[in-house]
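This report concerns only the one structure given below.
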2 protein chains.
Amino acid sequence: MEPGTARIAVDLLGGDNAPAVVVDGALRAVRADPDLHLLLVGPPEAAGRLIDTLDPAQRARVAVRPVHAAVGMADHPSAARGDSTVRAAVHAVREGAADALVSAGSTGATVTAAALGLGRWPDVRSPALVATLPAVAGPVVLLDVGGSLEPRPAVLARHAVLGTAYAAVAHAVGAPRVGLLSVGSEAGKGDRARRLADPALAAAALPCGGRYIGLVEGYDVSLGTRADVVVTDGFTGNVLLKAIEGAYAMAGGPPAGGGAPRAAALLGVAGTVVVCHGAARADDVASGIALAAHLWRRRAADLVRALLDGADAGDREDTTDRITDTEVPTS
Amino acid sequence: MEPGTARIAVDLLGGDNAPAVVVDGALRAVRADPDLHLLLVGPPEAAGRLIDTLDPAQRARVAVRPVHAAVGMADHPSAARGDSTVRAAVHAVREGAADALVSAGSTGATVTAAALGLGRWPDVRSPALVATLPAVAGPVVLLDVGGSLEPRPAVLARHAVLGTAYAAVAHAVGAPRVGLLSVGSEAGKGDRARRLADPALAAAALPCGGRYIGLVEGYDVSLGTRADVVVTDGFTGNVLLKAIEGAYAMAGGPPAGGGAPRAAALLGVAGTVVVCHGAARADDVASGIALAAHLWRRRAADLVRALLDGADAGDREDTTDRITDTEVPTS
């Protein structure tokens, strides 16, 4: 764990099992990291239960921003119940009361609230959800895992740039190898979307010494032997991540380096945002909070943003047919 | 293993490591199953090495159909080298010299050779590659895993019928539960293709007491707790299957019930055809041969075909807006 205070706003009402597992996860996170400060956003009575179990030193690092569930929402799905809390958590980051936010609520609601409240990077129209999987030779950065279900080739190329910068900044991967997920590794393999995206990724100027190695396959996501960054659409990335998680459950537990992540970073908005799985358990929430703190301490969002600008400059110099990104985000 | 002679034609030149691993796999298969007869289709010298290691009783169950690699093809990829052998294996099935065929060559070449040589079922324009994964509560039938990369909704609905019949016939699953793979289980989750396919699957008349349960997620493919049959496009199915295989490798090996299959049945052609992974190892080839023998002994292809006719009759009675299937196969 890197040193440095990190102040994380936590959406207490996001997720299928909120607030109980969120409170439990927050408790674990604050005990594990002495430089972590939490801003609990949600019903004060739920936060109170957490605070009561802490010692005075830990208690000093926890604050509450009271947000009550909307009247009449008790019977609504957790997604709707959590909408007001995720907006309040975004607001806390915008006004500087927190450095980053974590929510296990509806991905769409979080992406929308973050894009509206914090702003989108102007040259990233489709923010990407980025998951990092432990693999044989190091981490594998997989994107998108649910943000853009049907991205155009230019968006996939943009996500290749984002993923490369993220691998370098968040995981210290040198000269990341970037692959496009398909059904075979030979050029030309795949559906129409892949055949269009392959040249777009090949033409993208990747930061941090990144290089595009072409098509990769499903194994490469789990094993990571061929690529450090795997680019795919959000539909495929989402089902893939959950299938890997299920496979580890079938195999009796995750491998030594850790299993499929249940938290993902949102890249493309002006702030540090981590989305946890709706079915997150307490340790998943704690991992999501730790990821948010890690990204904040590395100033990952700012650095990725700066690397995009550099890649863009390279792009303009190196290619005449510059890839443009005009997709409206799905969220 | 069920009793009954099964005569399997084996494409000796299909696969990345042919003929060595194919010969080795065939050897294991013939030793393991005393009612198995093999017709080895390929260079006689490769077959000869196999036959020399067998005892006389085993040797009596192995025949050779000599096919030499095309002149000048030595430097070509295995896919091209194996095209003539897979066509010859299809021919052997058509003329009644074999009951089924197995190839680890190019999936596209095998599907094309089988469709042309054996004929397609008239109401299945897009044959499906069907993989069976061992899961918690029993097998999960996943289709398509690489035949139709971009199927239309009507094709997915047709595959739901095929998969239901296959689960009942090949794996004795009673009243199969059928799910459509998506990014969430609530209705409306997913990309455009899923939103169009969901009502098409809901309207399909499923045989064998099958029922459509709606959207399922990636975990459901590995764990099998919610559905016995999972329908998806061939792109997603292919990358998913390989990601699960990679996850088991990461976790130190497959779970007790077996790992991700490296052999798939081809449904929609008039014959028993099994496609092995191009990177198949000897035990994968042996598994593929055993699968072909199992399907032949259960008369799976004929029974699935007959069940389709019954489902069609139900369809015509039960729905006014009958789903039609007019897609040209991708292969």
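Simple scheme: letters A, B, ... for chains in structure tokens order, numbers from 1 for residues in each chain, numbers from 1 for ligands in the order shown.
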
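When the distance limit is 8 Å and only C-alpha atoms are what count, the residues near Ser185 in chain A, minus those fewer than 3 positions from it on the same chain, are Ser182, Lys189, Gly214, Leu215, Val216 and Glu217 of chain A.
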
Quick one: residues within 8 Å of His159 in chain B, only C-alpha atoms counted, chain neighbours fewer than 6 positions away excluded, as a list of chain:residue names?
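Here the qualifying residues turn out to be B:Ala128, B:Leu143, B:Asp144, B:Val231.
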
N, CA, C and O atoms of the current selection, written as an mmCIF file, in the first residue's frame:
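Written file, part.cif:
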data_model
loop_
_atom_site.group_PDB
_atom_site.id
_atom_site.type_symbol
_atom_site.label_atom_id
_atom_site.label_comp_id
_atom_site.auth_asym_id
_atom_site.auth_seq_id
_atom_site.Cartn_x
_atom_site.Cartn_y
_atom_site.Cartn_z
ATOM 1 N N ALA B 128 -24.869 -25.181 -35.813
ATOM 2 C CA ALA B 128 -24.331 -24.661 -34.553
ATOM 3 C C ALA B 128 -23.251 -25.586 -34.026
ATOM 4 O O ALA B 128 -23.371 -26.808 -34.119
ATOM 5 N N LEU B 143 -24.162 -22.939 -26.799
ATOM 6 C CA LEU B 143 -24.097 -22.811 -28.243
ATOM 7 C C LEU B 143 -24.472 -21.393 -28.636
ATOM 8 O O LEU B 143 -25.213 -20.746 -27.911
ATOM 9 N N ASP B 144 -23.868 -20.867 -29.643
ATOM 10 C CA ASP B 144 -22.897 -21.413 -30.543
ATOM 11 C C ASP B 144 -21.493 -21.076 -30.017
ATOM 12 O O ASP B 144 -21.308 -20.051 -29.375
ATOM 13 N N VAL B 231 -27.648 -19.943 -24.686
ATOM 14 C CA VAL B 231 -27.607 -19.559 -26.095
ATOM 15 C C VAL B 231 -26.859 -18.245 -26.233
ATOM 16 O O VAL B 231 -27.121 -17.285 -25.489
#

So that each row is one residue of chain A with an atom at most 6 Å from chain B, can you give its shortest atom pair and the distance in Å to one decimal, using only C-alpha atoms, rows by chain and rising number, as a tab-separated table?
residue	atom	partner	partner_atom	distance
A:Leu149	CA	B:Asp191	CA	5.8
A:Val183	CA	B:Val239	CA	6.0
A:Asp191	CA	B:Leu149	CA	5.8
A:Gly218	CA	B:Ala243	CA	4.1
A:Tyr219	CA	B:Gly246	CA	4.4
A:Ser222	CA	B:Gly246	CA	5.1
A:Leu223	CA	B:Gly246	CA	5.8
A:Val239	CA	B:Gly218	CA	4.4
A:Leu240	CA	B:Leu240	CA	5.5
A:Lys242	CA	B:Gly218	CA	4.5
A:Ala243	CA	B:Gly218	CA	4.1
A:Ile244	CA	B:Ile244	CA	5.5
A:Gly246	CA	B:Tyr219	CA	4.4
A:Ala247	CA	B:Ser222	CA	5.2
A:Ala251	CA	B:Pro255	CA	4.5
A:Pro255	CA	B:Ala251	CA	4.5

Would you put the residues from that selection into a file with N, CA, C and O atoms, as a PDB file, in the first residue's frame?
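Contents of part30.pdb, as written:
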ATOM      1  N   LEU A 149     -21.621  -1.150 -24.611  1.00  0.00           N
ATOM      2  CA  LEU A 149     -21.913  -2.511 -25.054  1.00  0.00           C
ATOM      3  C   LEU A 149     -21.638  -2.709 -26.534  1.00  0.00           C
ATOM      4  O   LEU A 149     -21.268  -3.790 -26.960  1.00  0.00           O
ATOM      5  N   VAL A 183     -11.827 -14.512 -32.011  1.00  0.00           N
ATOM      6  CA  VAL A 183     -11.990 -15.970 -31.946  1.00  0.00           C
ATOM      7  C   VAL A 183     -10.773 -16.724 -32.467  1.00  0.00           C
ATOM      8  O   VAL A 183     -10.779 -17.953 -32.544  1.00  0.00           O
ATOM      9  N   ASP A 191     -15.718 -11.348 -36.098  1.00  0.00           N
ATOM     10  CA  ASP A 191     -16.913 -10.819 -36.741  1.00  0.00           C
ATOM     11  C   ASP A 191     -16.594  -9.469 -37.382  1.00  0.00           C
ATOM     12  O   ASP A 191     -15.445  -9.013 -37.392  1.00  0.00           O
ATOM     13  N   GLY A 218      -9.638 -15.874 -25.911  1.00  0.00           N
ATOM     14  CA  GLY A 218     -10.172 -15.926 -24.551  1.00  0.00           C
ATOM     15  C   GLY A 218      -9.145 -16.324 -23.510  1.00  0.00           C
ATOM     16  O   GLY A 218      -9.110 -15.768 -22.408  1.00  0.00           O
ATOM     17  N   TYR A 219      -8.279 -17.299 -23.835  1.00  0.00           N
ATOM     18  CA  TYR A 219      -7.249 -17.716 -22.868  1.00  0.00           C
ATOM     19  C   TYR A 219      -6.382 -16.559 -22.443  1.00  0.00           C
ATOM     20  O   TYR A 219      -5.862 -16.541 -21.329  1.00  0.00           O
ATOM     21  N   SER A 222      -7.439 -14.731 -19.336  1.00  0.00           N
ATOM     22  CA  SER A 222      -7.201 -15.395 -18.049  1.00  0.00           C
ATOM     23  C   SER A 222      -5.717 -15.611 -17.787  1.00  0.00           C
ATOM     24  O   SER A 222      -5.274 -15.540 -16.641  1.00  0.00           O
ATOM     25  N   LEU A 223      -4.938 -15.913 -18.827  1.00  0.00           N
ATOM     26  CA  LEU A 223      -3.538 -16.302 -18.621  1.00  0.00           C
ATOM     27  C   LEU A 223      -2.564 -15.134 -18.767  1.00  0.00           C
ATOM     28  O   LEU A 223      -1.517 -15.126 -18.131  1.00  0.00           O
ATOM     29  N   VAL A 239     -19.500 -10.469 -19.915  1.00  0.00           N
ATOM     30  CA  VAL A 239     -19.830 -11.896 -19.772  1.00  0.00           C
ATOM     31  C   VAL A 239     -18.555 -12.703 -19.527  1.00  0.00           C
ATOM     32  O   VAL A 239     -18.553 -13.684 -18.777  1.00  0.00           O
ATOM     33  N   LEU A 240     -17.446 -12.276 -20.135  1.00  0.00           N
ATOM     34  CA  LEU A 240     -16.165 -12.969 -19.971  1.00  0.00           C
ATOM     35  C   LEU A 240     -15.695 -12.915 -18.519  1.00  0.00           C
ATOM     36  O   LEU A 240     -15.290 -13.929 -17.940  1.00  0.00           O
ATOM     37  N   LYS A 242     -17.413 -12.454 -15.847  1.00  0.00           N
ATOM     38  CA  LYS A 242     -18.277 -13.250 -14.974  1.00  0.00           C
ATOM     39  C   LYS A 242     -18.069 -14.744 -15.204  1.00  0.00           C
ATOM     40  O   LYS A 242     -18.174 -15.539 -14.257  1.00  0.00           O
ATOM     41  N   ALA A 243     -17.773 -15.144 -16.443  1.00  0.00           N
ATOM     42  CA  ALA A 243     -17.513 -16.566 -16.714  1.00  0.00           C
ATOM     43  C   ALA A 243     -16.217 -17.000 -16.028  1.00  0.00           C
ATOM     44  O   ALA A 243     -16.134 -18.113 -15.486  1.00  0.00           O
ATOM     45  N   ILE A 244     -15.215 -16.143 -16.043  1.00  0.00           N
ATOM     46  CA  ILE A 244     -13.943 -16.459 -15.366  1.00  0.00           C
ATOM     47  C   ILE A 244     -14.188 -16.558 -13.864  1.00  0.00           C
ATOM     48  O   ILE A 244     -13.691 -17.475 -13.202  1.00  0.00           O
ATOM     49  N   GLY A 246     -16.961 -17.399 -12.407  1.00  0.00           N
ATOM     50  CA  GLY A 246     -17.667 -18.663 -12.193  1.00  0.00           C
ATOM     51  C   GLY A 246     -16.726 -19.852 -12.282  1.00  0.00           C
ATOM     52  O   GLY A 246     -16.847 -20.815 -11.515  1.00  0.00           O
ATOM     53  N   ALA A 247     -15.773 -19.787 -13.218  1.00  0.00           N
ATOM     54  CA  ALA A 247     -14.824 -20.901 -13.372  1.00  0.00           C
ATOM     55  C   ALA A 247     -13.967 -21.044 -12.122  1.00  0.00           C
ATOM     56  O   ALA A 247     -13.702 -22.172 -11.666  1.00  0.00           O
ATOM     57  N   ALA A 251     -13.663 -24.238  -9.732  1.00  0.00           N
ATOM     58  CA  ALA A 251     -12.361 -24.867  -9.483  1.00  0.00           C
ATOM     59  C   ALA A 251     -12.005 -24.870  -8.003  1.00  0.00           C
ATOM     60  O   ALA A 251     -10.920 -25.297  -7.632  1.00  0.00           O
ATOM     61  N   PRO A 255      -7.089 -18.533  -8.133  1.00  0.00           N
ATOM     62  CA  PRO A 255      -5.668 -18.880  -8.076  1.00  0.00           C
ATOM     63  C   PRO A 255      -4.927 -17.991  -7.078  1.00  0.00           C
ATOM     64  O   PRO A 255      -5.483 -17.029  -6.544  1.00  0.00           O
TER      65      PRO A 255
END

Go through A:Leu142, A:Leu118, A:Leu180, A:Ala63 and flag the residue nearest Val130 in chain A, using only C-alpha atoms for the distances.
A:Leu142

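The environment of Trp296 in chain A within 8 Å, counting only C-alpha atoms and disregarding residues fewer than 2 places along the same chain, consists of Ala6, Asp99, Ala100, Thr272, Ala292, Ala293, His294, Arg298, Arg299, Ala300 and Ala301 of chain A.
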
Preceding selection exported with N, CA and C atoms as a PDB file, in the first residue's frame:
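The result, written out as again.pdb:
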ATOM      1  N   ALA A   6      -5.947   9.196   1.531  1.00  0.00           N
ATOM      2  CA  ALA A   6      -6.931   9.093   0.456  1.00  0.00           C
ATOM      3  C   ALA A   6      -8.300   9.166   1.105  1.00  0.00           C
ATOM      4  N   ASP A  99     -11.704  12.459  -2.404  1.00  0.00           N
ATOM      5  CA  ASP A  99     -10.773  12.357  -3.539  1.00  0.00           C
ATOM      6  C   ASP A  99     -11.281  11.413  -4.625  1.00  0.00           C
ATOM      7  N   ALA A 100     -12.152  10.504  -4.238  1.00  0.00           N
ATOM      8  CA  ALA A 100     -12.604   9.471  -5.167  1.00  0.00           C
ATOM      9  C   ALA A 100     -13.907   8.917  -4.628  1.00  0.00           C
ATOM     10  N   THR A 272     -11.747  10.189  -9.949  1.00  0.00           N
ATOM     11  CA  THR A 272     -11.438   8.796  -9.672  1.00  0.00           C
ATOM     12  C   THR A 272     -12.719   8.098  -9.213  1.00  0.00           C
ATOM     13  N   ALA A 292      -9.740   2.351  -5.293  1.00  0.00           N
ATOM     14  CA  ALA A 292      -9.941   3.799  -5.431  1.00  0.00           C
ATOM     15  C   ALA A 292      -8.812   4.566  -4.744  1.00  0.00           C
ATOM     16  N   ALA A 293      -8.414   4.103  -3.553  1.00  0.00           N
ATOM     17  CA  ALA A 293      -7.321   4.776  -2.828  1.00  0.00           C
ATOM     18  C   ALA A 293      -6.011   4.658  -3.614  1.00  0.00           C
ATOM     19  N   HIS A 294      -5.762   3.452  -4.142  1.00  0.00           N
ATOM     20  CA  HIS A 294      -4.551   3.219  -4.942  1.00  0.00           C
ATOM     21  C   HIS A 294      -4.517   4.148  -6.160  1.00  0.00           C
ATOM     22  N   ARG A 298      -1.809   7.246  -6.826  1.00  0.00           N
ATOM     23  CA  ARG A 298      -0.971   7.301  -8.038  1.00  0.00           C
ATOM     24  C   ARG A 298      -1.386   8.442  -8.959  1.00  0.00           C
ATOM     25  N   ARG A 299      -2.388   9.202  -8.582  1.00  0.00           N
ATOM     26  CA  ARG A 299      -2.951  10.255  -9.447  1.00  0.00           C
ATOM     27  C   ARG A 299      -3.234   9.657 -10.839  1.00  0.00           C
ATOM     28  N   ALA A 300      -3.809   8.449 -10.829  1.00  0.00           N
ATOM     29  CA  ALA A 300      -3.971   7.696 -12.079  1.00  0.00           C
ATOM     30  C   ALA A 300      -4.853   8.428 -13.083  1.00  0.00           C
ATOM     31  N   ALA A 301      -5.973   8.994 -12.621  1.00  0.00           N
ATOM     32  CA  ALA A 301      -6.881   9.645 -13.569  1.00  0.00           C
ATOM     33  C   ALA A 301      -6.176  10.810 -14.269  1.00  0.00           C
TER      34      ALA A 301
END
